[in-house]
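Visitor: Got a structure here, written out as structure tokens. Questions coming.
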Amino acid sequence: MKRAFDIVVTLLAAITWLPAILLSMLAVVVLDGPPPFYVSLRRVYRRKSIYVWKFRTMRRNADTIANRDTVPMAGTRFLNIEKDSPLYTWVGRQIERCAFTELPQLFHVLAGHMSLVGNRPLPENVIAALKESIPWAEDRFESPAGITGPIQLAGRDRLSDAQRIVLESSYCHVAASSYSMWLDLLILYYTVLVVVSLHRPFTFAQIAGLIARFDRDKVLDATAFANELEGEPGPFPPR
């Protein structure tokens with residue numbers, strides 16, 4: 001059902017995202033030179049990794065300067081590059097501002113390697129760093145990675161590592177055990193509203209409550225999401 005949802009929505013929306021991809025490609029090549037894409041090996045589902053495509057919004061050598069092995073861990077083990085970092089090119093900042101960076105991954109969705117809604121793909125060194133403090137971080141890969149997901153409703157910089165993993169793992173549980181296309185539709189809808197500033201970013205508790213509403217097995221307890229401490233168990237029993 002989730003796969004059917006991905007195909008139908010992606011194809012119906014092609015009239016909007018295909019022109020956006022073509023214009024972004026042209027902008028990067030003309031204003032910053034080729035290549036227009038950045039390709040990186042990322043985990044997308046359980047133990048499966050693929051080469052993920054995105055628009056190149058940073059300098060060509062940015063991946064050798066800023067990666068999980070070179071940037072000190074200061075409060076988060078996810079690698080979140082500041083929006084004002086000099087690593088971004090001018091055209092890259094505009095693409096980031098329009099939230100077009102991940103649009104090439106829609107072809108991964110059509111190929112069945114990713115989903116429209118899920119947790120973002122991660123490189124293995126980031127996963128290893130997360131597991132050092134949150135052993136159950138692997139739970140976030142129990143459903144396919146997505147273009148957007150629950151974290152994008154808040155903004156990655158607004159959540160701690162533990163909060164983010166709790167939300168991501170909980171989304172995976174619902175997607176696997178009691179999938180509802182309405183949850184994915186709501187996440188897509190609110191992602192757009194947050195990006196264009198027509199809705200304020202969600203709080204941790206609001207996202208938790210949204211996910212819990214669609215848990216037909218009633219395993220998730222919205223009040224348990226208040227537990228934000230590093231290394232604490234997730235809000236549902238281990239599988």
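How things are named: the first chain in the structure tokens is A, the next is B, and so on; residues count from 1 in each chain; ligands count from 1 in the order shown.
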Taking the DSSP assignment computed from this structure's backbone, write out as an mmCIF file with N, CA, C and O atoms, in the first residue's frame all residues of region 85-182 of chain A that belong to helix (DSSP H, G or I).
Guide:
data_model
loop_
_atom_site.group_PDB
_atom_site.id
_atom_site.type_symbol
_atom_site.label_atom_id
_atom_site.label_comp_id
_atom_site.auth_asym_id
_atom_site.auth_seq_id
_atom_site.Cartn_x
_atom_site.Cartn_y
_atom_site.Cartn_z
ATOM 1 N N TRP A 90 26.468 30.094 -3.783
ATOM 2 C CA TRP A 90 25.317 31.005 -3.817
ATOM 3 C C TRP A 90 24.090 30.296 -4.370
ATOM 4 O O TRP A 90 23.006 30.349 -3.778
ATOM 5 N N VAL A 91 24.251 29.626 -5.517
ATOM 6 C CA VAL A 91 23.103 28.950 -6.106
ATOM 7 C C VAL A 91 22.650 27.803 -5.201
ATOM 8 O O VAL A 91 21.446 27.502 -5.102
ATOM 9 N N GLY A 92 23.592 27.181 -4.487
ATOM 10 C CA GLY A 92 23.229 26.121 -3.561
ATOM 11 C C GLY A 92 22.339 26.616 -2.439
ATOM 12 O O GLY A 92 21.393 25.919 -2.028
ATOM 13 N N ARG A 93 22.607 27.812 -1.951
ATOM 14 C CA ARG A 93 21.758 28.381 -0.887
ATOM 15 C C ARG A 93 20.329 28.581 -1.393
ATOM 16 O O ARG A 93 19.356 28.370 -0.655
ATOM 17 N N GLN A 94 20.191 29.008 -2.637
ATOM 18 C CA GLN A 94 18.852 29.234 -3.186
ATOM 19 C C GLN A 94 18.104 27.910 -3.337
ATOM 20 O O GLN A 94 16.903 27.822 -3.055
ATOM 21 N N ILE A 95 18.814 26.883 -3.779
ATOM 22 C CA ILE A 95 18.193 25.566 -3.908
ATOM 23 C C ILE A 95 17.786 25.026 -2.539
ATOM 24 O O ILE A 95 16.695 24.465 -2.367
ATOM 25 N N GLU A 96 18.649 25.214 -1.527
ATOM 26 C CA GLU A 96 18.317 24.795 -0.162
ATOM 27 C C GLU A 96 17.109 25.568 0.350
ATOM 28 O O GLU A 96 16.220 25.001 0.994
ATOM 29 N N ARG A 97 17.064 26.861 0.056
ATOM 30 C CA ARG A 97 15.959 27.691 0.541
ATOM 31 C C ARG A 97 14.631 27.245 -0.056
ATOM 32 O O ARG A 97 13.592 27.312 0.596
ATOM 33 N N LEU A 103 15.215 16.693 -4.513
ATOM 34 C CA LEU A 103 14.278 16.316 -5.582
ATOM 35 C C LEU A 103 14.786 15.194 -6.492
ATOM 36 O O LEU A 103 13.991 14.350 -6.926
ATOM 37 N N PRO A 104 16.104 15.125 -6.826
ATOM 38 C CA PRO A 104 16.548 14.007 -7.668
ATOM 39 C C PRO A 104 16.258 12.632 -7.077
ATOM 40 O O PRO A 104 16.202 11.635 -7.809
ATOM 41 N N GLN A 105 16.043 12.560 -5.770
ATOM 42 C CA GLN A 105 15.761 11.282 -5.133
ATOM 43 C C GLN A 105 14.366 10.757 -5.457
ATOM 44 O O GLN A 105 14.039 9.609 -5.143
ATOM 45 N N LEU A 106 13.555 11.589 -6.113
ATOM 46 C CA LEU A 106 12.255 11.098 -6.572
ATOM 47 C C LEU A 106 12.423 9.965 -7.584
ATOM 48 O O LEU A 106 11.560 9.088 -7.700
ATOM 49 N N PHE A 107 13.540 9.951 -8.311
ATOM 50 C CA PHE A 107 13.809 8.836 -9.215
ATOM 51 C C PHE A 107 14.133 7.566 -8.420
ATOM 52 O O PHE A 107 13.826 6.458 -8.861
ATOM 53 N N HIS A 108 14.741 7.725 -7.238
ATOM 54 C CA HIS A 108 14.939 6.569 -6.353
ATOM 55 C C HIS A 108 13.596 6.030 -5.872
ATOM 56 O O HIS A 108 13.416 4.818 -5.697
ATOM 57 N N VAL A 109 12.642 6.950 -5.634
ATOM 58 C CA VAL A 109 11.302 6.531 -5.210
ATOM 59 C C VAL A 109 10.641 5.709 -6.313
ATOM 60 O O VAL A 109 10.093 4.630 -6.059
ATOM 61 N N LEU A 110 10.698 6.197 -7.532
ATOM 62 C CA LEU A 110 10.080 5.475 -8.648
ATOM 63 C C LEU A 110 10.741 4.117 -8.870
ATOM 64 O O LEU A 110 10.086 3.147 -9.266
ATOM 65 N N ALA A 111 12.053 4.045 -8.592
ATOM 66 C CA ALA A 111 12.776 2.781 -8.773
ATOM 67 C C ALA A 111 12.537 1.808 -7.621
ATOM 68 O O ALA A 111 12.957 0.647 -7.692
ATOM 69 N N GLU A 124 27.273 5.421 6.652
ATOM 70 C CA GLU A 124 27.568 4.463 7.708
ATOM 71 C C GLU A 124 28.340 5.074 8.879
ATOM 72 O O GLU A 124 28.160 4.660 10.024
ATOM 73 N N ASN A 125 29.191 6.075 8.629
ATOM 74 C CA ASN A 125 29.942 6.640 9.755
ATOM 75 C C ASN A 125 29.033 7.432 10.696
ATOM 76 O O ASN A 125 29.281 7.494 11.903
ATOM 77 N N VAL A 126 27.972 8.032 10.178
ATOM 78 C CA VAL A 126 27.005 8.715 11.037
ATOM 79 C C VAL A 126 26.212 7.685 11.849
ATOM 80 O O VAL A 126 25.953 7.874 13.046
ATOM 81 N N ILE A 127 25.835 6.572 11.203
ATOM 82 C CA ILE A 127 25.106 5.514 11.910
ATOM 83 C C ILE A 127 25.947 4.962 13.063
ATOM 84 O O ILE A 127 25.449 4.768 14.178
ATOM 85 N N ALA A 128 27.214 4.726 12.795
ATOM 86 C CA ALA A 128 28.111 4.203 13.844
ATOM 87 C C ALA A 128 28.215 5.183 15.003
ATOM 88 O O ALA A 128 28.209 4.780 16.171
ATOM 89 N N ALA A 129 28.303 6.476 14.698
ATOM 90 C CA ALA A 129 28.394 7.485 15.755
ATOM 91 C C ALA A 129 27.117 7.515 16.587
ATOM 92 O O ALA A 129 27.166 7.632 17.823
ATOM 93 N N LEU A 130 25.969 7.403 15.942
ATOM 94 C CA LEU A 130 24.700 7.401 16.669
ATOM 95 C C LEU A 130 24.580 6.196 17.596
ATOM 96 O O LEU A 130 24.127 6.320 18.739
ATOM 97 N N LYS A 131 24.988 5.038 17.119
ATOM 98 C CA LYS A 131 24.855 3.812 17.909
ATOM 99 C C LYS A 131 25.739 3.818 19.151
ATOM 100 O O LYS A 131 25.482 3.077 20.098
ATOM 101 N N GLU A 132 26.777 4.651 19.163
ATOM 102 C CA GLU A 132 27.617 4.755 20.356
ATOM 103 C C GLU A 132 26.829 5.292 21.547
ATOM 104 O O GLU A 132 27.084 4.919 22.695
ATOM 105 N N SER A 133 25.869 6.185 21.294
ATOM 106 C CA SER A 133 25.090 6.769 22.395
ATOM 107 C C SER A 133 23.647 6.283 22.423
ATOM 108 O O SER A 133 22.994 6.328 23.460
ATOM 109 N N PRO A 135 21.947 2.889 21.278
ATOM 110 C CA PRO A 135 22.129 1.551 20.693
ATOM 111 C C PRO A 135 21.003 1.111 19.775
ATOM 112 O O PRO A 135 21.230 0.325 18.860
ATOM 113 N N TRP A 136 19.779 1.596 19.995
ATOM 114 C CA TRP A 136 18.636 1.185 19.183
ATOM 115 C C TRP A 136 18.416 2.087 17.970
ATOM 116 O O TRP A 136 17.343 2.072 17.341
ATOM 117 N N ALA A 137 19.434 2.856 17.585
ATOM 118 C CA ALA A 137 19.311 3.774 16.451
ATOM 119 C C ALA A 137 19.001 3.050 15.145
ATOM 120 O O ALA A 137 18.419 3.626 14.227
ATOM 121 N N GLU A 138 19.385 1.765 15.038
ATOM 122 C CA GLU A 138 19.105 0.984 13.831
ATOM 123 C C GLU A 138 17.609 0.874 13.549
ATOM 124 O O GLU A 138 17.202 0.618 12.407
ATOM 125 N N ASP A 139 16.759 1.063 14.584
ATOM 126 C CA ASP A 139 15.311 0.948 14.399
ATOM 127 C C ASP A 139 14.784 1.943 13.372
ATOM 128 O O ASP A 139 13.708 1.731 12.800
ATOM 129 N N ARG A 140 15.519 3.029 13.135
ATOM 130 C CA ARG A 140 15.065 4.048 12.181
ATOM 131 C C ARG A 140 15.131 3.554 10.737
ATOM 132 O O ARG A 140 14.665 4.252 9.825
ATOM 133 N N PHE A 141 15.723 2.385 10.521
ATOM 134 C CA PHE A 141 15.834 1.839 9.160
ATOM 135 C C PHE A 141 14.841 0.711 8.902
ATOM 136 O O PHE A 141 14.972 -0.008 7.913
ATOM 137 N N PRO A 150 8.958 12.752 9.401
ATOM 138 C CA PRO A 150 8.514 13.474 10.594
ATOM 139 C C PRO A 150 9.500 14.540 11.058
ATOM 140 O O PRO A 150 9.092 15.581 11.575
ATOM 141 N N ILE A 151 10.788 14.322 10.871
ATOM 142 C CA ILE A 151 11.793 15.274 11.354
ATOM 143 C C ILE A 151 11.703 16.589 10.609
ATOM 144 O O ILE A 151 11.940 17.664 11.177
ATOM 145 N N GLN A 152 11.344 16.540 9.329
ATOM 146 C CA GLN A 152 11.273 17.760 8.536
ATOM 147 C C GLN A 152 10.148 18.682 8.992
ATOM 148 O O GLN A 152 10.145 19.862 8.658
ATOM 149 N N LEU A 153 9.202 18.167 9.765
ATOM 150 C CA LEU A 153 8.138 19.020 10.297
ATOM 151 C C LEU A 153 8.655 19.939 11.389
ATOM 152 O O LEU A 153 8.079 21.003 11.643
ATOM 153 N N ARG A 156 15.633 19.822 11.408
ATOM 154 C CA ARG A 156 16.604 18.922 12.026
ATOM 155 C C ARG A 156 17.369 19.571 13.165
ATOM 156 O O ARG A 156 17.799 18.897 14.106
ATOM 157 N N ASP A 157 17.534 20.906 13.123
ATOM 158 C CA ASP A 157 18.331 21.577 14.151
ATOM 159 C C ASP A 157 17.554 21.826 15.438
ATOM 160 O O ASP A 157 18.129 22.268 16.427
ATOM 161 N N ARG A 158 16.257 21.556 15.429
ATOM 162 C CA ARG A 158 15.422 21.826 16.603
ATOM 163 C C ARG A 158 15.287 20.625 17.526
ATOM 164 O O ARG A 158 14.651 20.722 18.572
ATOM 165 N N ASP A 161 19.480 14.419 19.295
ATOM 166 C CA ASP A 161 19.630 13.107 18.671
ATOM 167 C C ASP A 161 18.596 12.119 19.196
ATOM 168 O O ASP A 161 17.982 11.369 18.427
ATOM 169 N N ALA A 162 18.398 12.106 20.523
ATOM 170 C CA ALA A 162 17.463 11.151 21.122
ATOM 171 C C ALA A 162 16.040 11.425 20.661
ATOM 172 O O ALA A 162 15.293 10.491 20.330
ATOM 173 N N GLN A 163 15.640 12.691 20.625
ATOM 174 C CA GLN A 163 14.296 13.031 20.148
ATOM 175 C C GLN A 163 14.114 12.575 18.710
ATOM 176 O O GLN A 163 13.081 11.999 18.348
ATOM 177 N N ARG A 164 15.114 12.855 17.901
ATOM 178 C CA ARG A 164 15.015 12.507 16.480
ATOM 179 C C ARG A 164 14.897 10.995 16.280
ATOM 180 O O ARG A 164 14.038 10.534 15.517
ATOM 181 N N ILE A 165 15.712 10.221 16.988
ATOM 182 C CA ILE A 165 15.664 8.766 16.831
ATOM 183 C C ILE A 165 14.338 8.209 17.350
ATOM 184 O O ILE A 165 13.772 7.270 16.771
ATOM 185 N N VAL A 166 13.818 8.764 18.437
ATOM 186 C CA VAL A 166 12.516 8.324 18.956
ATOM 187 C C VAL A 166 11.431 8.531 17.910
ATOM 188 O O VAL A 166 10.627 7.629 17.628
ATOM 189 N N LEU A 167 11.393 9.711 17.312
ATOM 190 C CA LEU A 167 10.371 9.999 16.305
ATOM 191 C C LEU A 167 10.551 9.131 15.063
ATOM 192 O O LEU A 167 9.581 8.595 14.506
ATOM 193 N N GLU A 168 11.786 8.994 14.614
ATOM 194 C CA GLU A 168 12.052 8.200 13.418
ATOM 195 C C GLU A 168 11.710 6.729 13.634
ATOM 196 O O GLU A 168 11.095 6.082 12.772
ATOM 197 N N SER A 169 12.107 6.183 14.782
ATOM 198 C CA SER A 169 11.817 4.783 15.078
ATOM 199 C C SER A 169 10.315 4.550 15.205
ATOM 200 O O SER A 169 9.787 3.518 14.770
ATOM 201 N N SER A 170 9.628 5.504 15.798
ATOM 202 C CA SER A 170 8.186 5.374 15.986
ATOM 203 C C SER A 170 7.447 5.443 14.658
ATOM 204 O O SER A 170 6.475 4.717 14.440
ATOM 205 N N TYR A 171 7.908 6.312 13.763
ATOM 206 C CA TYR A 171 7.298 6.344 12.421
ATOM 207 C C TYR A 171 7.472 4.984 11.739
ATOM 208 O O TYR A 171 6.540 4.466 11.116
ATOM 209 N N CYS A 172 8.669 4.407 11.847
ATOM 210 C CA CYS A 172 8.918 3.096 11.236
ATOM 211 C C CYS A 172 7.977 2.045 11.793
ATOM 212 O O CYS A 172 7.465 1.189 11.051
ATOM 213 N N HIS A 173 7.743 2.084 13.092
ATOM 214 C CA HIS A 173 6.846 1.105 13.711
ATOM 215 C C HIS A 173 5.449 1.217 13.121
ATOM 216 O O HIS A 173 4.830 0.208 12.760
ATOM 217 N N VAL A 174 4.942 2.443 13.011
ATOM 218 C CA VAL A 174 3.598 2.640 12.471
ATOM 219 C C VAL A 174 3.549 2.265 10.997
ATOM 220 O O VAL A 174 2.599 1.616 10.540
ATOM 221 N N ALA A 175 4.571 2.642 10.237
ATOM 222 C CA ALA A 175 4.593 2.332 8.803
ATOM 223 C C ALA A 175 4.605 0.827 8.562
ATOM 224 O O ALA A 175 4.005 0.335 7.602
ATOM 225 N N ALA A 176 5.280 0.084 9.442
ATOM 226 C CA ALA A 176 5.399 -1.362 9.269
ATOM 227 C C ALA A 176 4.201 -2.132 9.809
ATOM 228 O O ALA A 176 3.804 -3.159 9.249
ATOM 229 N N SER A 177 3.616 -1.654 10.901
ATOM 230 C CA SER A 177 2.583 -2.436 11.576
ATOM 231 C C SER A 177 1.166 -1.960 11.295
ATOM 232 O O SER A 177 0.222 -2.762 11.334
ATOM 233 N N MET A 181 -2.027 5.739 4.636
ATOM 234 C CA MET A 181 -1.586 6.739 3.672
ATOM 235 C C MET A 181 -1.916 8.143 4.163
ATOM 236 O O MET A 181 -1.284 9.119 3.752
ATOM 237 N N TRP A 182 -2.888 8.257 5.077
ATOM 238 C CA TRP A 182 -3.251 9.580 5.589
ATOM 239 C C TRP A 182 -2.125 10.181 6.415
ATOM 240 O O TRP A 182 -1.925 11.398 6.397
#
Visitor: Quick one: pick out all strand (DSSP E or B) residues within region 85-125 of chain A from a backbone DSSP run and write them as an mmCIF file with all heavy atoms, in the first residue's frame.
Guide:
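The new file result11.cif reads:
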data_model
loop_
_atom_site.group_PDB
_atom_site.id
_atom_site.type_symbol
_atom_site.label_atom_id
_atom_site.label_comp_id
_atom_site.auth_asym_id
_atom_site.auth_seq_id
_atom_site.Cartn_x
_atom_site.Cartn_y
_atom_site.Cartn_z
ATOM 1 N N TYR A 88 28.565 26.348 1.357
ATOM 2 C CA TYR A 88 27.486 26.455 0.384
ATOM 3 C C TYR A 88 27.845 27.452 -0.710
ATOM 4 O O TYR A 88 28.410 28.509 -0.440
ATOM 5 C CB TYR A 88 26.182 26.904 1.046
ATOM 6 C CG TYR A 88 25.514 25.844 1.883
ATOM 7 C CD1 TYR A 88 25.649 25.837 3.273
ATOM 8 C CD2 TYR A 88 24.739 24.852 1.303
ATOM 9 C CE1 TYR A 88 25.034 24.872 4.049
ATOM 10 C CE2 TYR A 88 24.119 23.875 2.072
ATOM 11 C CZ TYR A 88 24.269 23.890 3.444
ATOM 12 O OH TYR A 88 23.668 22.930 4.204
ATOM 13 N N SER A 115 11.176 5.881 -0.365
ATOM 14 C CA SER A 115 9.761 6.219 -0.271
ATOM 15 C C SER A 115 9.621 7.740 -0.265
ATOM 16 O O SER A 115 10.597 8.466 -0.043
ATOM 17 C CB SER A 115 9.173 5.626 1.011
ATOM 18 O OG SER A 115 7.813 5.971 1.161
ATOM 19 N N LEU A 116 8.417 8.225 -0.527
ATOM 20 C CA LEU A 116 8.191 9.670 -0.406
ATOM 21 C C LEU A 116 8.361 10.128 1.032
ATOM 22 O O LEU A 116 8.941 11.176 1.307
ATOM 23 C CB LEU A 116 6.786 10.030 -0.894
ATOM 24 C CG LEU A 116 6.565 10.118 -2.404
ATOM 25 C CD1 LEU A 116 5.093 10.380 -2.696
ATOM 26 C CD2 LEU A 116 7.425 11.214 -3.008
ATOM 27 N N VAL A 117 7.841 9.327 1.964
ATOM 28 C CA VAL A 117 7.884 9.681 3.385
ATOM 29 C C VAL A 117 8.648 8.603 4.141
ATOM 30 O O VAL A 117 8.373 7.412 4.004
ATOM 31 C CB VAL A 117 6.467 9.830 3.971
ATOM 32 C CG1 VAL A 117 6.533 10.188 5.453
ATOM 33 C CG2 VAL A 117 5.682 10.891 3.199
ATOM 34 N N LEU A 122 21.313 7.792 5.564
ATOM 35 C CA LEU A 122 22.496 8.199 6.327
ATOM 36 C C LEU A 122 23.725 7.424 5.871
ATOM 37 O O LEU A 122 23.627 6.243 5.531
ATOM 38 C CB LEU A 122 22.288 7.941 7.831
ATOM 39 C CG LEU A 122 21.275 8.796 8.575
ATOM 40 C CD1 LEU A 122 21.222 8.363 10.034
ATOM 41 C CD2 LEU A 122 21.598 10.274 8.467
#
Visitor: Which residues, written as an NGL selection string, have at least one atom at most 12 Å from Ser85 (chain A), with only C-alpha atoms counted and residues fewer than 5 positions away on the same chain left out?
Guide: :A and (57-59 or 62 or 65-66 or 80 or 90 or 92-93)
Visitor: Calculate how many Å separate CA of Val195 (chain A) from CA of Thr10 (chain A), rounding to one decimal.
Guide: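 Separation of CA of Val195 (chain A) and CA of Thr10 (chain A): 18.6 Å.
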